[in-house]
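Right, one structure below, let's go through it.
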Amino acid sequence: MTTTTPLTKKLHLALLQFAVSSDKLANFHKVESLVSKAVKAHPNLDLIVLPECFNSPYSVKLFKKYGEDIPNGETTKFLSSLANKYQINVIGGSYPEAHHNQVFNTSTVFNKSGDLIAQHRKAHLFNIDIPNKITFQESRVLNAGDKHTQFALPGFGSLGLGICYDLRFPELAMMAARRGAFAMVYPGAFNTITGPLHWEALARARAIDNQLYVVLCSPARDLSAKYHAYGHSLVVDPMGKVIVEAGEGEETIYCELEPELIAETRRSIPVNEQRRFDIYKDVGDGGEIGDVV
């Protein structure tokens with residue numbers, strides 16, 4: 001990491017927070033409608049971010065049913081076409097990936113031409129048991145990814161990518177920051193138990209520790225669904241300030257990421273220059289980066 005900004009110019013982004021249904025095609029239509037409205041309202045948009053499990057319900061019982069091949073499945077093809085049609089970069093939230101009799105929770109990234117430029121398989125599976133509140137065991141069906149994901153967003157710089165529960169593990173963000181990322185993006189679906197406790201706190205912690213932007217995009221809360229997403233998609237700046245946040249329901253929020261704010265933060269509080277790698281190892285030296293498509 002350097003004290004200069006890793007973001008080359010201002011980035012305009014939109015987070016699409018919407019209620020996901022069991023009808024995959026209906027979810028596609030909703031996404032395209034929201035993207036169309038967003039680019040019309042904000043013609044200078046550079047990046048669209050979708051939520052975790054945007055094409056299907058978030059359910060252990062349904063991950064296999066909705067699993068698709070990447071890059072040949074209909075969801076990947078839809079996202080590629082969407083990016084190309086609207087000439088905008090897209091982080092496609094996440095969706096179940098079927099691969100050699102395994103199922104992953106996977107995020108894909110597309111440039112303005114619709115090319116698949118990055119792919120992240122959720123590395124940390126959501127296995128929790130909070131007595132009398134919530135039990136969820138993704139590992140009953142899902143396989144865990146085994147790589148740190150970082151990619152170049154053409155014209156802007158480098159981004160790190162995680163999915164939901166990955167947010168709780170600081171090493172991914174630390175690696176991205178040490179390797180020059182200007183932001184970490186986490187499509188996520190925290191629930192109404194863990195969301196109020198830790199959603200914002202973890203986002204601010206990752207931003208403060210690494211002096212970069214943190215972007216979280218959630219589905220909207222739908223009380224008719226079996227899993228109740230927390231909502232509250234948000235963006236945190238490098239100083240740890242929440243600069244935009246959605247409510248619980250369907251909402252598109254917009255934000256600008258400022259290069260100078262990263263540089264100013266790192267000049268004002270120069271933690272990078274003060275790190276003691278003689279005492280502890282630089283986590284950025286370890287871990288394998290996923291292949292860039």
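Following the order of the structure tokens, chains are lettered A, B, ..., residues in each are numbered from 1, and ligands are numbered from 1.
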
_Quick one: residues within 7 Å of Met184 (chain A), only C-alpha atoms, excluding same-chain residues fewer than 4 positions away - as JSON, numbers by chain?_
{"A": [159, 160, 161, 173, 213, 214, 215]}

Please list as a PDB file with C-alpha atoms, in the first residue's frame every residue within 7 Å of region 77-85 of chain A, counting only C-alpha atoms and excluding residues in the same chain fewer than 4 positions away.
```pdb
ATOM      1  CA  ASN A  72     -22.256 -20.817 -19.848  1.00  0.00           C
ATOM      2  CA  GLY A  73     -25.271 -20.569 -17.531  1.00  0.00           C
ATOM      3  CA  ASN A  89     -19.347  -2.338 -15.314  1.00  0.00           C
ATOM      4  CA  VAL A  90     -21.354  -4.854 -13.271  1.00  0.00           C
ATOM      5  CA  GLY A  92     -23.192  -9.454 -10.333  1.00  0.00           C
ATOM      6  CA  PHE A 110     -18.186  -7.808 -16.110  1.00  0.00           C
ATOM      7  CA  ASN A 111     -16.695  -4.837 -17.919  1.00  0.00           C
ATOM      8  CA  LYS A 112     -18.621  -2.470 -20.178  1.00  0.00           C
ATOM      9  CA  SER A 113     -18.225  -4.805 -23.129  1.00  0.00           C
ATOM     10  CA  GLY A 114     -19.788  -7.672 -21.195  1.00  0.00           C
ATOM     11  CA  ASP A 115     -16.519  -9.553 -20.755  1.00  0.00           C
TER      12      ASP A 115
END
```

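Using only C-alpha atoms, the nearest neighbour of Pro154 (chain A) within the list A:Ile88, A:Ala26, A:Val20, A:Val283 is A:Ile88.
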
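Among the candidate residues A:Ile262, A:Val60, A:Cys164, A:Ile193, the one lying nearest to Glu138 (chain A) is A:Val60, with distances computed using only C-alpha atoms.
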
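For the set A:Ile243, A:Ala41, A:Ile269, A:Val31, the residue with the smallest atom-to-atom gap to Leu16 (chain A) is A:Val31, counting only C-alpha atoms.
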